[in-house]
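Q: This is the structure I want to talk about, given as structure tokens.
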2 protein chains.
Amino acid sequence: MQPVYHRSLILSLCVILLTACGGESAGPAAPAATAPTPIAQTFKWKMVTTWPPNFPIFQEGVERFANELREMSGGRLDIQVFAGGELVPALQSFDAVSQGTVQMGHGAAYYWAGKIPAAQFFTAVPFGMNAQGMNAWFYGGGGNELWAELYEPYGLVPLPMGNTGVQMGGWFNKKIESVSDLQGLKMRIPGLGGKVLAKAGGTPVLLAGGEIYTALERGTIDATEWVGPYHDERLGLYRAAKYYYYPGWHEPGTALELIINAEAWASLPADLQLMVKTAARGTSLWMFAEFESQNLKALETLKNQYNVEVLRFPPDVLQEMKRLARETLDEEAAKNEQFNEVYQAYQTFRANNDAWNAISESAYADALAQ
Amino acid sequence: MQPVYHRSLILSLCVILLTACGGESAGPAAPAATAPTPIAQTFKWKMVTTWPPNFPIFQEGVERFANELREMSGGRLDIQVFAGGELVPALQSFDAVSQGTVQMGHGAAYYWAGKIPAAQFFTAVPFGMNAQGMNAWFYGGGGNELWAELYEPYGLVPLPMGNTGVQMGGWFNKKIESVSDLQGLKMRIPGLGGKVLAKAGGTPVLLAGGEIYTALERGTIDATEWVGPYHDERLGLYRAAKYYYYPGWHEPGTALELIINAEAWASLPADLQLMVKTAARGTSLWMFAEFESQNLKALETLKNQYNVEVLRFPPDVLQEMKRLARETLDEEAAKNEQFNEVYQAYQTFRANNDAWNAISESAYADALAQ
């Protein structure tokens, strides 16, 4: 004989089962036996960057980051990424994230120097710290906390995400043999690096990435900096100028930034916040490793296939630029109190970092070179 | 009238409901509306390390890693971490993970040199690549793939997780002014570094961390290497020897490893595998940044508070050790074909890496020092 059951009993059973599997019908969640119940909501976010579409490593790394978050969260954090200009112009991404038009952005803090001069310390400053020093400052030296304070009034949460390493000094259509060769030199070099060049008698020119090649090729400018061998090769700069100088004193370890709208951030459950932080750190490592491994291959190609002359800036040029860089930072600090505060914190950390670096990485590099 | 239902219908309903919530009763899961259904199982794993309990940065970083995974996965990947000796002796962790006694381990690949001589390239070799170079090799130069091949016969999946940066050269109870001062020197220095010292006429001694201080203080050994200022200060080595030498030519960028039992790895759903990979990269960045920021503080303390004499190995000593290091690696390669294969791959990548480093990080460090 088969027992029979009433509808009410079945409904009860359904309720028990649905409760056990965590679910409202809107979006069932996963309460593991050992953990607090994650919030079931799905977050469909938009993210804008300052990079051209398909820009290798930069935009590529951001796409990887979004994919990782989508997969790790089982689709609960679903971020659609837009390159510069696809949704808002590249340099309006700060405002778009600040105003909540979109929830996330990726770029470089020095792009916002007009609004927040002190932001430049969180990307790179001339003769500043390299990537290793920047990461130590961010994670263990109070850098991230200072950065968060700086962006708090704009409703933004910043996190480091990527670093180019030491950039190249740039492409020149004449040799730089002394400081006097910089007199009257028209060079595409933005930000503080440009101010240092101006002090040395040069003329800094602002040009977007897409305009550089033609300007250099036609002689509208005499020189340009861009990124490093990998990106410079792709822009074809070796066809427009003959001499490729190092090191990139103006950007010795350019950190990239993730910015998150503070309200959107607060709305994320703790597990998704942690995924974002972890993925940002993971992406930082990946980007930096990728810059290194691609740059070393591209350097070979530039030298051996395109016969580029790779030259070191003469010591007296570097010494003079270093002196002028210090002067520039001091002047900026005198003009803006917030800049000065971050400058002091940066310099304090940096003095100890230099002392440690001198007996670790630098001393080892010397031992290898001997 | 109330309709009645048969047991078979109820069972069908239960199956449908349970299927919809992704679940075996063991651990219900969260199918987000937009994503593939993650597997509902909860993974309770054990992880053993080669580190002492509470060993700063090393063990600390592993605990952070396990906590991140637990939180990100909502408890679905729940890893209990054991320090060396708590579950198995530190140096049996490779076997424990290989045999599936536990699912994960953390340590350094050169601990397994007796079994797999080539594993040493995935930690550090004398006068080898620094942390930046190692990461570029791992992620962009085929290093990780080579490492995976090497561990495959042992049923292990390796991933890089952490790097100490350039270590210190060690503590000496006499000054090292020429190569002849190494004659007869009894120094605690393991692995390939020890072999290089032996070639220079010294006597490498093997001692566990806990035995070093007493041996040095009592004069059983004349010198020891350990890690860097932060860990060396905590071990009190400045009380047992007067001279602190740099750079750590024997370990110029010591990479740490995560090992995962291959069967356990294959049983993880894709989202949890990705969390492990992402968290390992994130932990790598955190550990390296933490070593840097703690070392620079500890260096200050050692110099200013404990009046430690921080000295550079003389150039001729470093040159001789470099020559002997090359000789040592060549000899090991002649003895073991697998070592030779990895050595060739490492050297090929490294040649390009050195060329790039010379015009980027090294050239910039020179410019700063001028």
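Following the order of the structure tokens, chains are lettered A, B, ..., residues in each are numbered from 1, and ligands are numbered from 1.
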Contacts of Leu156 of chain B at 10 Å or less, counting only C-alpha atoms, minus same-chain residues fewer than 4 places along, as a short mmCIF file (atom, residue, chain, number, x, y, z; two decimals) with C-alpha atoms, in the first residue's frame?

A:
data_model
loop_
_atom_site.label_atom_id
_atom_site.label_comp_id
_atom_site.auth_asym_id
_atom_site.auth_seq_id
_atom_site.Cartn_x
_atom_site.Cartn_y
_atom_site.Cartn_z
CA PHE B 94 56.50 17.48 0.27
CA ASP B 95 55.80 13.77 0.82
CA VAL B 97 51.16 16.52 0.04
CA SER B 98 52.45 14.18 -2.65
CA GLN B 99 50.85 11.17 -0.94
CA GLY B 100 47.61 13.02 -0.26
CA GLN B 103 46.09 18.63 0.35
CA MET B 104 48.44 21.62 0.44
CA GLY B 105 51.88 22.68 1.53
CA ALA B 148 54.66 22.02 -13.16
CA GLU B 149 56.37 19.44 -15.41
CA LEU B 150 59.03 18.85 -12.77
CA TYR B 151 56.50 18.13 -10.00
CA GLU B 152 53.99 16.23 -12.15
CA LEU B 258 52.63 26.56 -2.72
CA ILE B 259 52.22 22.85 -3.47
CA ILE B 260 48.86 21.19 -4.03
CA ASN B 261 48.07 17.50 -4.27
CA ALA B 262 47.15 16.96 -7.94
CA GLU B 263 44.11 14.78 -7.24
CA ALA B 264 42.76 17.20 -4.67
CA TRP B 265 43.38 20.03 -7.15
#

Q: If we count only C-alpha atoms and set the cut-off at 10 Å, which residues sit around Trp171 of chain A, ignoring sequence neighbours fewer than 3 positions away in its own chain? Please answer as a PDB file with N, CA, C and O atoms, in the first residue's frame.

A:
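Once everything was written out, this is part.pdb:
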ATOM      1  N   MET A 168      61.402  53.691 -19.934  1.00  0.00           N
ATOM      2  CA  MET A 168      62.568  54.132 -20.698  1.00  0.00           C
ATOM      3  C   MET A 168      62.609  55.658 -20.708  1.00  0.00           C
ATOM      4  O   MET A 168      61.596  56.331 -20.529  1.00  0.00           O
ATOM      5  N   LYS A 174      68.213  63.390 -31.710  1.00  0.00           N
ATOM      6  CA  LYS A 174      69.632  63.756 -31.659  1.00  0.00           C
ATOM      7  C   LYS A 174      70.221  63.208 -30.365  1.00  0.00           C
ATOM      8  O   LYS A 174      69.489  62.882 -29.425  1.00  0.00           O
ATOM      9  N   LYS A 175      71.545  63.118 -30.341  1.00  0.00           N
ATOM     10  CA  LYS A 175      72.183  62.607 -29.134  1.00  0.00           C
ATOM     11  C   LYS A 175      72.152  63.647 -28.016  1.00  0.00           C
ATOM     12  O   LYS A 175      72.272  64.845 -28.280  1.00  0.00           O
ATOM     13  N   MET A 187      59.872  68.132 -26.285  1.00  0.00           N
ATOM     14  CA  MET A 187      59.681  66.718 -25.957  1.00  0.00           C
ATOM     15  C   MET A 187      58.290  66.464 -25.409  1.00  0.00           C
ATOM     16  O   MET A 187      57.805  67.204 -24.551  1.00  0.00           O
ATOM     17  N   ARG A 188      57.650  65.408 -25.879  1.00  0.00           N
ATOM     18  CA  ARG A 188      56.387  64.965 -25.292  1.00  0.00           C
ATOM     19  C   ARG A 188      56.735  64.305 -23.968  1.00  0.00           C
ATOM     20  O   ARG A 188      57.322  63.215 -23.929  1.00  0.00           O
ATOM     21  N   LEU A 216      56.499  63.081 -33.963  1.00  0.00           N
ATOM     22  CA  LEU A 216      57.943  62.808 -33.913  1.00  0.00           C
ATOM     23  C   LEU A 216      58.483  62.608 -35.322  1.00  0.00           C
ATOM     24  O   LEU A 216      59.550  63.114 -35.691  1.00  0.00           O
ATOM     25  N   ASP A 222      60.937  66.922 -30.938  1.00  0.00           N
ATOM     26  CA  ASP A 222      62.282  66.366 -31.134  1.00  0.00           C
ATOM     27  C   ASP A 222      62.468  65.055 -30.380  1.00  0.00           C
ATOM     28  O   ASP A 222      63.448  64.333 -30.612  1.00  0.00           O
ATOM     29  N   ALA A 223      61.567  64.807 -29.436  1.00  0.00           N
ATOM     30  CA  ALA A 223      61.750  63.638 -28.570  1.00  0.00           C
ATOM     31  C   ALA A 223      60.422  63.295 -27.911  1.00  0.00           C
ATOM     32  O   ALA A 223      59.514  64.139 -27.823  1.00  0.00           O
ATOM     33  N   THR A 224      60.329  62.065 -27.455  1.00  0.00           N
ATOM     34  CA  THR A 224      59.136  61.661 -26.716  1.00  0.00           C
ATOM     35  C   THR A 224      59.466  60.537 -25.745  1.00  0.00           C
ATOM     36  O   THR A 224      60.366  59.740 -26.009  1.00  0.00           O
ATOM     37  N   GLU A 225      58.773  60.518 -24.625  1.00  0.00           N
ATOM     38  CA  GLU A 225      58.811  59.316 -23.796  1.00  0.00           C
ATOM     39  C   GLU A 225      57.486  58.608 -24.027  1.00  0.00           C
ATOM     40  O   GLU A 225      56.502  59.227 -24.429  1.00  0.00           O
ATOM     41  N   TRP A 226      57.462  57.291 -23.795  1.00  0.00           N
ATOM     42  CA  TRP A 226      56.189  56.578 -23.859  1.00  0.00           C
ATOM     43  C   TRP A 226      56.159  55.594 -22.702  1.00  0.00           C
ATOM     44  O   TRP A 226      55.964  56.022 -21.573  1.00  0.00           O
ATOM     45  N   ASP A 232      56.634  50.726 -26.758  1.00  0.00           N
ATOM     46  CA  ASP A 232      57.277  51.644 -27.700  1.00  0.00           C
ATOM     47  C   ASP A 232      57.446  50.993 -29.073  1.00  0.00           C
ATOM     48  O   ASP A 232      57.286  51.639 -30.111  1.00  0.00           O
ATOM     49  N   LEU A 237      57.852  53.631 -32.677  1.00  0.00           N
ATOM     50  CA  LEU A 237      58.661  54.828 -32.445  1.00  0.00           C
ATOM     51  C   LEU A 237      60.089  54.688 -32.996  1.00  0.00           C
ATOM     52  O   LEU A 237      60.721  55.691 -33.313  1.00  0.00           O
ATOM     53  N   TYR A 238      60.561  53.452 -33.135  1.00  0.00           N
ATOM     54  CA  TYR A 238      61.914  53.233 -33.677  1.00  0.00           C
ATOM     55  C   TYR A 238      62.011  53.693 -35.134  1.00  0.00           C
ATOM     56  O   TYR A 238      63.099  53.886 -35.651  1.00  0.00           O
ATOM     57  N   ALA A 240      60.640  56.520 -36.108  1.00  0.00           N
ATOM     58  CA  ALA A 240      60.539  57.979 -36.112  1.00  0.00           C
ATOM     59  C   ALA A 240      61.716  58.659 -35.415  1.00  0.00           C
ATOM     60  O   ALA A 240      61.913  59.864 -35.574  1.00  0.00           O
ATOM     61  N   ALA A 241      62.490  57.920 -34.628  1.00  0.00           N
ATOM     62  CA  ALA A 241      63.652  58.521 -33.961  1.00  0.00           C
ATOM     63  C   ALA A 241      64.725  57.454 -33.804  1.00  0.00           C
ATOM     64  O   ALA A 241      64.436  56.261 -33.735  1.00  0.00           O
ATOM     65  N   LYS A 242      65.950  57.904 -33.735  1.00  0.00           N
ATOM     66  CA  LYS A 242      67.076  56.980 -33.844  1.00  0.00           C
ATOM     67  C   LYS A 242      67.629  56.536 -32.492  1.00  0.00           C
ATOM     68  O   LYS A 242      68.146  55.435 -32.361  1.00  0.00           O
ATOM     69  N   TYR A 243      67.562  57.439 -31.502  1.00  0.00           N
ATOM     70  CA  TYR A 243      68.251  57.158 -30.245  1.00  0.00           C
ATOM     71  C   TYR A 243      67.245  56.874 -29.128  1.00  0.00           C
ATOM     72  O   TYR A 243      66.299  57.641 -28.925  1.00  0.00           O
ATOM     73  N   TYR A 244      67.530  55.783 -28.427  1.00  0.00           N
ATOM     74  CA  TYR A 244      66.596  55.327 -27.389  1.00  0.00           C
ATOM     75  C   TYR A 244      67.347  55.398 -26.059  1.00  0.00           C
ATOM     76  O   TYR A 244      68.287  54.638 -25.836  1.00  0.00           O
ATOM     77  N   TYR A 245      66.937  56.356 -25.207  1.00  0.00           N
ATOM     78  CA  TYR A 245      67.702  56.626 -23.984  1.00  0.00           C
ATOM     79  C   TYR A 245      67.129  55.955 -22.737  1.00  0.00           C
ATOM     80  O   TYR A 245      65.923  55.741 -22.623  1.00  0.00           O
ATOM     81  N   TYR A 246      68.011  55.684 -21.800  1.00  0.00           N
ATOM     82  CA  TYR A 246      67.630  55.126 -20.503  1.00  0.00           C
ATOM     83  C   TYR A 246      68.477  55.772 -19.429  1.00  0.00           C
ATOM     84  O   TYR A 246      69.506  56.356 -19.746  1.00  0.00           O
ATOM     85  N   VAL A 308      68.230  49.732 -33.286  1.00  0.00           N
ATOM     86  CA  VAL A 308      68.051  50.929 -32.474  1.00  0.00           C
ATOM     87  C   VAL A 308      69.310  51.143 -31.626  1.00  0.00           C
ATOM     88  O   VAL A 308      69.890  50.189 -31.110  1.00  0.00           O
ATOM     89  N   GLU A 309      69.744  52.394 -31.513  1.00  0.00           N
ATOM     90  CA  GLU A 309      70.875  52.705 -30.633  1.00  0.00           C
ATOM     91  C   GLU A 309      70.343  52.973 -29.226  1.00  0.00           C
ATOM     92  O   GLU A 309      69.648  53.969 -29.009  1.00  0.00           O
ATOM     93  N   VAL A 310      70.667  52.078 -28.309  1.00  0.00           N
ATOM     94  CA  VAL A 310      70.193  52.205 -26.930  1.00  0.00           C
ATOM     95  C   VAL A 310      71.297  52.875 -26.113  1.00  0.00           C
ATOM     96  O   VAL A 310      72.393  52.330 -25.983  1.00  0.00           O
TER      97      VAL A 310
END

Q: Provide the atom CA of Ala118 of chain A to atom CA of Tyr343 of chain A distance in Å, to one decimal place.

A: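 Those two atoms sit 7.7 Å apart.
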
Q: After a least-squares superposition of chain B on chain A over all Cα atoms matched in order, what is the RMSD to one decimal?

A: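 Computed value for the CA RMSD is 2.0 Å.
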
Q: I'd like the neighbourhood of Leu146 of chain A as a CSV table (one decimal) with all heavy atoms, in the first residue's frame, where a residue qualifies if any of its atoms comes within 12 Å (using only C-alpha atoms), though same-chain residues fewer than 4 positions away should be ignored.

A:
chain,number,residue,atom,x,y,z
A,118,ALA,N,48.7,66.1,-5.0
A,118,ALA,CA,49.4,65.1,-4.2
A,118,ALA,C,49.2,63.7,-4.8
A,118,ALA,O,49.9,62.8,-4.4
A,118,ALA,CB,48.9,65.1,-2.8
A,119,ALA,N,48.2,63.5,-5.6
A,119,ALA,CA,47.9,62.2,-6.2
A,119,ALA,C,49.1,61.7,-7.0
A,119,ALA,O,49.3,60.5,-7.1
A,119,ALA,CB,46.7,62.3,-7.1
A,121,PHE,N,52.1,61.3,-6.2
A,121,PHE,CA,53.0,60.4,-5.5
A,121,PHE,C,52.6,59.0,-5.5
A,121,PHE,O,53.3,58.1,-5.2
A,121,PHE,CB,53.1,60.9,-4.0
A,121,PHE,CG,53.9,62.1,-3.8
A,121,PHE,CD1,53.3,63.4,-3.6
A,121,PHE,CD2,55.3,62.1,-3.9
A,121,PHE,CE1,54.0,64.5,-3.5
A,121,PHE,CE2,56.0,63.2,-3.8
A,121,PHE,CZ,55.4,64.5,-3.5
A,122,PHE,N,51.3,58.8,-5.9
A,122,PHE,CA,50.8,57.4,-5.9
A,122,PHE,C,50.9,56.8,-7.3
A,122,PHE,O,50.4,55.7,-7.5
A,122,PHE,CB,49.3,57.4,-5.4
A,122,PHE,CG,49.2,57.9,-4.0
A,122,PHE,CD1,49.0,59.2,-3.7
A,122,PHE,CD2,49.5,57.0,-2.9
A,122,PHE,CE1,49.0,59.7,-2.4
A,122,PHE,CE2,49.5,57.5,-1.6
A,122,PHE,CZ,49.3,58.8,-1.3
A,137,TRP,N,55.8,50.6,0.2
A,137,TRP,CA,55.2,51.8,0.8
A,137,TRP,C,53.6,51.6,0.9
A,137,TRP,O,53.0,51.9,1.9
A,137,TRP,CB,55.5,53.1,0.0
A,137,TRP,CG,55.0,54.3,0.5
A,137,TRP,CD1,55.1,54.8,1.8
A,137,TRP,CD2,54.3,55.4,-0.2
A,137,TRP,NE1,54.5,56.0,1.9
A,137,TRP,CE2,54.0,56.4,0.7
A,137,TRP,CE3,53.9,55.5,-1.5
A,137,TRP,CZ2,53.3,57.6,0.3
A,137,TRP,CZ3,53.2,56.7,-1.9
A,137,TRP,CH2,52.9,57.7,-1.0
A,138,PHE,N,53.1,51.2,-0.2
A,138,PHE,CA,51.6,51.0,-0.3
A,138,PHE,C,51.1,50.0,0.8
A,138,PHE,O,50.2,50.3,1.6
A,138,PHE,CB,51.2,50.4,-1.6
A,138,PHE,CG,51.2,51.3,-2.8
A,138,PHE,CD1,51.5,50.9,-4.1
A,138,PHE,CD2,50.9,52.7,-2.6
A,138,PHE,CE1,51.5,51.8,-5.2
A,138,PHE,CE2,50.9,53.6,-3.7
A,138,PHE,CZ,51.2,53.1,-5.0
A,139,TYR,N,51.8,48.8,0.9
A,139,TYR,CA,51.2,47.8,1.7
A,139,TYR,C,51.8,47.8,3.1
A,139,TYR,O,51.1,47.4,4.1
A,139,TYR,CB,51.4,46.4,1.1
A,139,TYR,CG,50.6,46.2,-0.2
A,139,TYR,CD1,51.2,46.4,-1.4
A,139,TYR,CD2,49.3,46.0,-0.1
A,139,TYR,CE1,50.4,46.3,-2.6
A,139,TYR,CE2,48.5,45.9,-1.2
A,139,TYR,CZ,49.1,46.0,-2.5
A,139,TYR,OH,48.3,45.9,-3.6
A,140,GLY,N,53.0,48.2,3.3
A,140,GLY,CA,53.6,48.1,4.6
A,140,GLY,C,54.1,49.4,5.2
A,140,GLY,O,54.6,49.5,6.3
A,141,GLY,N,54.0,50.5,4.4
A,141,GLY,CA,54.5,51.8,4.9
A,141,GLY,C,53.5,52.9,5.1
A,141,GLY,O,53.8,54.1,5.2
A,142,GLY,N,52.2,52.5,5.0
A,142,GLY,CA,51.1,53.5,5.2
A,142,GLY,C,50.7,54.2,3.9
A,142,GLY,O,49.8,55.1,4.0
A,150,LEU,N,43.2,60.7,0.9
A,150,LEU,CA,43.3,61.7,-0.2
A,150,LEU,C,42.0,61.7,-1.1
A,150,LEU,O,41.5,62.7,-1.6
A,150,LEU,CB,44.5,61.5,-1.0
A,150,LEU,CG,45.1,62.6,-1.8
A,150,LEU,CD1,45.6,63.7,-0.9
A,150,LEU,CD2,46.3,62.1,-2.7
A,151,TYR,N,41.5,60.4,-1.4
A,151,TYR,CA,40.4,60.3,-2.3
A,151,TYR,C,39.1,60.3,-1.6
A,151,TYR,O,38.0,60.3,-2.2
A,151,TYR,CB,40.6,58.9,-3.0
A,151,TYR,CG,41.5,59.0,-4.2
A,151,TYR,CD1,42.5,60.0,-4.4
A,151,TYR,CD2,41.5,58.0,-5.2
A,151,TYR,CE1,43.3,60.0,-5.5
A,151,TYR,CE2,42.3,58.1,-6.3
A,151,TYR,CZ,43.3,59.1,-6.4
A,151,TYR,OH,44.1,59.1,-7.5
A,152,GLU,N,39.1,60.2,-0.3
A,152,GLU,CA,37.8,60.1,0.5
A,152,GLU,C,36.9,61.2,0.2
A,152,GLU,O,35.7,61.0,0.0
A,152,GLU,CB,38.2,60.0,2.0
A,152,GLU,CG,37.1,59.4,2.9
A,152,GLU,CD,36.2,60.5,3.4
A,152,GLU,OE1,36.6,61.7,3.5
A,152,GLU,OE2,35.0,60.2,3.6
A,157,VAL,N,37.4,55.0,-3.4
A,157,VAL,CA,38.3,54.1,-2.7
A,157,VAL,C,39.4,53.6,-3.7
A,157,VAL,O,39.1,53.0,-4.7
A,157,VAL,CB,37.5,52.8,-2.2
A,157,VAL,CG1,38.5,51.8,-1.5
A,157,VAL,CG2,36.4,53.2,-1.2
A,158,PRO,N,40.7,54.0,-3.4
A,158,PRO,CA,41.7,53.6,-4.3
A,158,PRO,C,42.5,52.4,-3.9
A,158,PRO,O,42.6,52.1,-2.7
A,158,PRO,CB,42.7,54.8,-4.3
A,158,PRO,CG,42.5,55.3,-2.8
A,158,PRO,CD,41.1,54.9,-2.3
A,159,LEU,N,42.9,51.6,-4.8
A,159,LEU,CA,43.8,50.5,-4.5
A,159,LEU,C,44.9,50.4,-5.6
A,159,LEU,O,44.6,50.6,-6.8
A,159,LEU,CB,43.0,49.1,-4.6
A,159,LEU,CG,42.1,48.8,-3.4
A,159,LEU,CD1,41.3,47.6,-3.7
A,159,LEU,CD2,42.8,48.7,-2.1
A,338,GLN,N,48.5,69.9,1.0
A,338,GLN,CA,48.3,68.5,0.9
A,338,GLN,C,49.4,67.8,0.1
A,338,GLN,O,49.9,66.7,0.6
A,338,GLN,CB,47.0,68.3,0.1
A,338,GLN,CG,46.3,67.0,0.4
A,338,GLN,CD,45.0,66.9,-0.3
A,338,GLN,OE1,44.9,67.3,-1.5
A,338,GLN,NE2,44.0,66.3,0.4
A,339,PHE,N,49.9,68.4,-0.9
A,339,PHE,CA,51.1,67.9,-1.6
A,339,PHE,C,52.2,67.8,-0.7
A,339,PHE,O,52.9,66.8,-0.6
A,339,PHE,CB,51.4,68.8,-2.8
A,339,PHE,CG,52.5,68.3,-3.7
A,339,PHE,CD1,52.2,67.7,-4.9
A,339,PHE,CD2,53.8,68.4,-3.4
A,339,PHE,CE1,53.2,67.3,-5.8
A,339,PHE,CE2,54.8,68.0,-4.2
A,339,PHE,CZ,54.5,67.4,-5.4
A,341,GLU,N,52.2,67.5,2.6
A,341,GLU,CA,52.0,66.4,3.6
A,341,GLU,C,52.4,65.0,3.1
A,341,GLU,O,53.1,64.2,3.7
A,341,GLU,CB,50.6,66.4,4.1
A,341,GLU,CG,50.3,67.4,5.2
A,341,GLU,CD,48.8,67.6,5.4
A,341,GLU,OE1,48.0,66.6,5.2
A,341,GLU,OE2,48.4,68.7,5.8
A,342,VAL,N,51.9,64.7,1.9
A,342,VAL,CA,52.2,63.4,1.3
A,342,VAL,C,53.7,63.4,0.9
A,342,VAL,O,54.3,62.3,1.1
A,342,VAL,CB,51.3,63.2,0.0
A,342,VAL,CG1,51.7,61.8,-0.6
A,342,VAL,CG2,49.8,63.2,0.4
A,343,TYR,N,54.2,64.5,0.5
A,343,TYR,CA,55.7,64.5,0.1
A,343,TYR,C,56.5,64.2,1.3
A,343,TYR,O,57.5,63.4,1.2
A,343,TYR,CB,56.0,66.0,-0.3
A,343,TYR,CG,57.4,66.3,-0.8
A,343,TYR,CD1,58.1,65.3,-1.5
A,343,TYR,CD2,57.9,67.5,-0.6
A,343,TYR,CE1,59.4,65.6,-2.0
A,343,TYR,CE2,59.2,67.9,-1.1
A,343,TYR,CZ,59.9,66.9,-1.8
A,343,TYR,OH,61.2,67.2,-2.3
A,344,GLN,N,56.2,64.7,2.5
A,344,GLN,CA,57.0,64.4,3.7
A,344,GLN,C,56.9,62.9,4.1
A,344,GLN,O,57.9,62.3,4.4
A,344,GLN,CB,56.5,65.3,4.9
A,344,GLN,CG,56.6,66.8,4.7
A,344,GLN,CD,58.0,67.2,4.2
A,344,GLN,OE1,59.0,66.7,4.6
A,344,GLN,NE2,58.0,68.1,3.2
A,345,ALA,N,55.7,62.4,4.0
A,345,ALA,CA,55.5,61.0,4.3
A,345,ALA,C,56.3,60.1,3.4
A,345,ALA,O,56.9,59.1,3.7
A,345,ALA,CB,54.0,60.6,4.3
A,346,TYR,N,56.2,60.5,2.1
A,346,TYR,CA,56.9,59.7,1.0
A,346,TYR,C,58.4,59.8,1.3
A,346,TYR,O,59.0,58.7,1.2
A,346,TYR,CB,56.5,60.4,-0.3
A,346,TYR,CG,57.1,59.7,-1.6
A,346,TYR,CD1,56.4,58.8,-2.3
A,346,TYR,CD2,58.3,60.2,-2.1
A,346,TYR,CE1,56.9,58.2,-3.4
A,346,TYR,CE2,58.8,59.6,-3.2
A,346,TYR,CZ,58.1,58.6,-3.9
A,346,TYR,OH,58.6,58.1,-5.1

Q: Considering only alpha helix (DSSP H) as DSSP defines it on the backbone, what residues of segment 234-349 of chain B qualify? List them as a ChimeraX atom specification.

A: /B:234,262-267,270-304,315-335,337-349

Q: Applying 9 Å and only C-alpha atoms, which residues near Val48 of chain A remain after dropping the ones on its own chain fewer than 3 positions away? List them as a ChimeraX atom specification.

A: /A:51,80-88,90,93-94,96-97,102-107
